[in-house]
>>> print(open('input.txt').read())   # compact mmCIF, C-alpha atoms
# COMPACT_ATOMS: atom_id res chain seq x y z
CA MET A 1 21.52 -20.95 14.18
CA VAL A 2 21.46 -17.21 14.92
CA GLN A 3 21.76 -15.00 11.85
CA GLU A 4 23.21 -11.48 11.98
CA ILE A 5 22.89 -8.43 9.77
CA SER A 6 25.08 -5.36 10.20
CA VAL A 7 24.64 -2.22 8.09
CA ARG A 8 26.39 1.11 8.59
CA GLY A 9 25.78 4.58 7.25
CA ARG A 10 26.71 8.17 7.97
CA SER A 11 24.28 11.07 8.11
CA ASP A 12 25.24 14.74 8.07
CA ALA A 13 22.42 15.37 10.57
CA PRO A 14 23.05 15.29 14.32
CA PRO A 15 22.06 12.19 16.33
CA ALA A 16 18.98 13.93 17.76
CA VAL A 17 17.51 14.39 14.25
CA VAL A 18 18.17 10.77 13.24
CA TYR A 19 16.82 9.46 16.55
CA ALA A 20 13.63 11.54 16.21
CA LEU A 21 12.96 9.95 12.81
CA LEU A 22 13.49 6.45 14.19
CA ARG A 23 11.03 7.17 17.02
CA ASP A 24 8.41 8.48 14.57
CA GLY A 25 7.00 5.43 12.79
CA ALA A 26 4.84 7.66 10.59
CA SER A 27 8.04 9.07 9.04
CA TRP A 28 9.42 5.67 8.02
CA PRO A 29 7.44 5.37 4.74
CA ARG A 30 8.98 8.72 3.67
CA TRP A 31 12.59 7.53 3.99
CA SER A 32 12.49 3.73 3.87
CA PRO A 33 11.11 1.06 1.52
CA LEU A 34 8.15 0.58 3.89
CA GLY A 35 4.75 1.35 2.41
CA SER A 36 2.65 2.35 5.41
CA PHE A 37 2.63 2.67 9.19
CA THR A 38 0.00 2.25 11.90
CA LEU A 39 0.49 2.67 15.62
CA LEU A 40 -1.35 -0.35 17.03
CA LYS A 41 -0.73 0.32 20.71
CA GLU A 42 0.77 3.31 22.47
CA SER A 43 3.34 2.86 25.20
CA SER A 44 2.17 3.22 28.81
CA GLU A 45 3.48 6.81 28.67
CA GLY A 46 1.72 7.46 25.36
CA GLY A 47 3.09 7.58 21.83
CA GLU A 48 5.87 5.41 20.50
CA GLY A 49 7.80 4.80 23.72
CA LEU A 50 8.75 1.50 25.32
CA GLY A 51 6.17 -1.19 24.66
CA ALA A 52 4.53 0.57 21.72
CA LEU A 53 3.38 -1.76 18.94
CA ARG A 54 3.95 -0.53 15.40
CA ARG A 55 2.61 -2.10 12.19
CA PHE A 56 4.35 -1.63 8.87
CA ARG A 57 3.14 -2.79 5.44
CA THR A 58 5.20 -3.28 2.34
CA GLY A 59 3.42 -4.89 -0.59
CA ARG A 60 1.73 -8.01 0.77
CA THR A 61 3.92 -8.20 3.88
CA THR A 62 2.63 -6.81 7.18
CA THR A 63 4.86 -6.83 10.24
CA CYS A 64 4.20 -5.96 13.86
CA GLU A 65 7.13 -4.63 15.88
CA GLU A 66 7.51 -3.68 19.53
CA VAL A 67 9.74 -0.85 20.76
CA VAL A 68 11.95 -2.51 23.40
CA GLU A 69 14.79 -0.11 24.16
CA LEU A 70 15.27 3.64 23.90
CA VAL A 71 18.39 5.60 24.74
CA PRO A 72 17.74 9.18 23.62
CA ASP A 73 19.89 10.17 20.64
CA ARG A 74 21.94 6.93 21.00
CA ARG A 75 19.89 3.75 20.51
CA PHE A 76 16.52 2.66 19.14
CA SER A 77 15.68 -1.04 19.46
CA TYR A 78 12.70 -3.12 18.41
CA THR A 79 11.65 -6.74 18.14
CA LEU A 80 9.51 -8.40 15.50
CA ASN A 81 6.29 -9.84 16.96
CA SER A 82 4.76 -11.13 13.73
CA GLY A 83 4.83 -11.00 9.96
CA LEU A 84 7.92 -13.00 8.97
CA PRO A 85 8.85 -16.64 9.65
CA LEU A 86 11.56 -15.64 12.13
CA ARG A 87 12.20 -16.20 15.83
CA GLY A 88 13.84 -13.79 18.21
CA TYR A 89 14.27 -10.98 15.67
CA ARG A 90 15.77 -7.90 17.32
CA ALA A 91 17.17 -4.78 15.72
CA ASP A 92 19.38 -2.29 17.52
CA VAL A 93 20.03 0.99 15.74
CA GLU A 94 23.08 2.56 17.36
CA LEU A 95 23.82 6.25 16.80
CA SER A 96 27.10 8.00 17.60
CA GLU A 97 28.69 11.36 16.89
CA ALA A 98 30.52 11.23 13.55
CA GLY A 99 33.51 13.26 14.75
CA ALA A 100 34.90 16.68 13.99
CA GLY A 101 32.79 17.12 10.85
CA GLY A 102 29.58 16.52 12.78
CA GLY A 103 26.79 14.22 11.78
CA THR A 104 25.87 10.74 12.91
CA GLU A 105 27.34 7.28 12.46
CA ILE A 106 24.47 4.80 12.12
CA HIS A 107 24.89 1.09 12.88
CA TRP A 108 21.77 -1.02 12.27
CA HIS A 109 22.38 -4.47 13.73
CA SER A 110 19.81 -7.28 13.62
CA THR A 111 19.79 -10.85 14.88
CA PHE A 112 17.25 -13.63 14.35
CA ARG A 113 16.70 -17.35 13.90
CA PRO A 114 14.66 -18.69 10.99
CA LYS A 115 11.56 -20.73 11.82
CA VAL A 116 12.24 -22.97 8.82
CA PRO A 117 15.65 -24.67 9.02
CA GLY A 118 17.94 -23.86 6.10
CA THR A 119 16.33 -20.52 5.26
CA GLY A 120 18.52 -18.30 7.45
CA TRP A 121 20.88 -17.39 4.62
CA LEU A 122 17.93 -16.32 2.45
CA PHE A 123 16.38 -14.09 5.11
CA ARG A 124 19.79 -12.66 5.98
CA ARG A 125 20.29 -11.74 2.32
CA VAL A 126 16.80 -10.32 1.74
CA LEU A 127 16.59 -8.47 5.05
CA GLY A 128 20.19 -7.29 4.72
CA GLY A 129 19.30 -5.64 1.41
CA PHE A 130 16.12 -4.18 2.87
CA ILE A 131 17.98 -2.75 5.87
CA ALA A 132 20.71 -1.34 3.60
CA ARG A 133 18.03 0.48 1.56
CA THR A 134 16.48 1.69 4.82
CA VAL A 135 19.77 3.10 6.11
CA ASP A 136 20.53 4.66 2.72
CA GLY A 137 17.07 6.25 2.72
CA LEU A 138 17.53 7.60 6.23
CA VAL A 139 20.89 9.12 5.26
CA ALA A 140 19.44 10.69 2.09
CA TYR A 141 16.34 11.97 3.90
CA THR A 142 18.33 13.62 6.68
CA ALA A 143 20.54 15.28 4.04
CA GLY A 144 17.38 16.72 2.48
CA GLU A 145 16.15 17.86 5.88
CA ARG A 146 19.44 19.65 6.52
CA GLU A 147 19.27 21.35 3.11
CA ALA A 148 15.72 22.51 3.77
CA GLU A 149 16.78 23.78 7.20
CA GLY A 150 19.67 25.73 5.65
CA GLN A 151 17.43 27.29 3.00
CA ALA A 152 14.92 28.38 5.66
CA GLN A 153 17.54 30.40 7.53
>>> encode(input="input.txt", output="structure tokens")
Amino acid sequence: MVQEISVRGRSDAPPAVVYALLRDGASWPRWSPLGSFTLLKESSEGGEGLGALRRFRTGRTTTCEEVVELVPDRRFSYTLNSGLPLRGYRADVELSEAGAGGGTEIHWHSTFRPKVPGTGWLFRRVLGGFIARTVDGLVAYTAGEREAEGQAQ
């Protein structure tokens, strides 16, 4: 059975700033619960474009993810290649203008199937909490970036 996770947040930063952070795996340990990042394989165009393989470590867990869709300033998508007992894991991070006040609406949506029957609810709960902390960290980090930008002017 397919499991779904949906987490939303709102950043004061414009979509381009949020998107740039999502594209930069090395930034993730600064604003998410992830411990470290390694770029395992660059995309055919170089860097973290389509097809890039990114490794993240958190405690004893190491995951390998592939960048599978990029829509500048609008969508960042990746799939999980290894590291968790899941099948077909895909995350789509949708970004949209937040309206008159500016900023970015963030919608992090993930789907997957557990490899072990009966464990879907557990992974949905654990990953849902992890993704919520990730979105919260991204929102807080971009607020700090905006403050630093304002002080520099």
>>> closest_atom_pairs(input="input.txt", of="region 12-72 of chain A", to="region 119-141 of chain A", cutoff="7 Å", atoms="all atoms listed in the file", output="tab-separated table")
residue	atom	partner	partner_atom	distance
A:Trp31	CA	A:Gly137	CA	4.8
A:Ser32	CA	A:Thr134	CA	4.6
A:Pro33	CA	A:Thr134	CA	6.3
>>> atom_distance(input="input.txt", atom1="CA of Thr61 (chain A)", atom2="CA of Ser43 (chain A)")
24.0 Å
>>> atom_distance(input="input.txt", atom1="CA of Ser6 (chain A)", atom2="CA of Tyr78 (chain A)")
15.0 Å
>>> atom_distance(input="input.txt", atom1="CA of Arg60 (chain A)", atom2="CA of Pro29 (chain A)")
15.1 Å
>>> residues_around(input="input.txt", residues="Val2 (chain A)", least_positions_apart="2", cutoff="12 Å", atoms="only C-alpha atoms", output="VMD selection string")
chain A and resid 4 to 5 86 to 90 110 to 115 117 to 121 123 to 124
>>> residues_near_point(input="input.txt", point="(4.3, 5.5, 9.1)", cutoff="9 Å", atoms="all atoms listed in the file", output="ChimeraX atom specification")
/A:24-30,34-39,54-56
>>> closest_residue(input="input.txt", among="A:Ala100, A:Ala52, A:Val18, A:Leu40", to="Asp73 (chain A)", atoms="all atoms listed in the file")
A:Val18
>>> residues_around(input="input.txt", residues="Glu94 (chain A)", least_positions_apart="4", cutoff="6 Å", atoms="all atoms listed in the file", output="list in words")
Arg74, Arg75, Ile106 and His107 of chain A
>>> axis_aligned_box(input="input.txt", around="region 84-98 of chain A", padding_each_side="4 Å", output="JSON")
{"center_x": 19.2, "center_y": -2.6, "center_z": 13.6, "size_x": 30.6, "size_y": 36.0, "size_z": 17.2}
>>> closest_residue(input="input.txt", among="A:His109, A:Ala91, A:Glu48, A:Thr62", to="Arg23 (chain A)", atoms="all atoms listed in the file")
A:Glu48
>>> residues_around(input="input.txt", residues="Asp12 (chain A)", least_positions_apart="6", cutoff="7 Å", atoms="all atoms listed in the file", output="PDB file with C-alpha atoms, keeping the file's coordinate frame")
ATOM      1  CA  GLY A 102      29.580  16.520  12.780  1.00  0.00           C
ATOM      2  CA  GLY A 103      26.790  14.220  11.780  1.00  0.00           C
ATOM      3  CA  THR A 104      25.870  10.740  12.910  1.00  0.00           C
ATOM      4  CA  ALA A 143      20.540  15.280   4.040  1.00  0.00           C
TER       5      ALA A 143
END
>>> closest_residue(input="input.txt", among="A:Cys64, A:Ala16, A:Leu21, A:Val116", to="Ser82 (chain A)", atoms="only C-alpha atoms")
A:Cys64
>>> closest_residue(input="input.txt", among="A:Thr58, A:Thr79, A:Gln3, A:Ser11", to="Thr142 (chain A)", atoms="all atoms listed in the file")
A:Ser11
>>> residues_around(input="input.txt", residues="Asp92 (chain A)", least_positions_apart="5", cutoff="6 Å", atoms="all atoms listed in the file", output="MDAnalysis selection string")
chainID A and resid 76:77 108:109
>>> residues_near_point(input="input.txt", point="(28.7, 5.2, 8.0)", cutoff="7 Å", atoms="all atoms listed in the file", output="PDB file with C-alpha atoms, keeping the file's coordinate frame")
ATOM      1  CA  ARG A   8      26.390   1.110   8.590  1.00  0.00           C
ATOM      2  CA  GLY A   9      25.780   4.580   7.250  1.00  0.00           C
ATOM      3  CA  ARG A  10      26.710   8.170   7.970  1.00  0.00           C
ATOM      4  CA  GLU A 105      27.340   7.280  12.460  1.00  0.00           C
ATOM      5  CA  ILE A 106      24.470   4.800  12.120  1.00  0.00           C
TER       6      ILE A 106
END
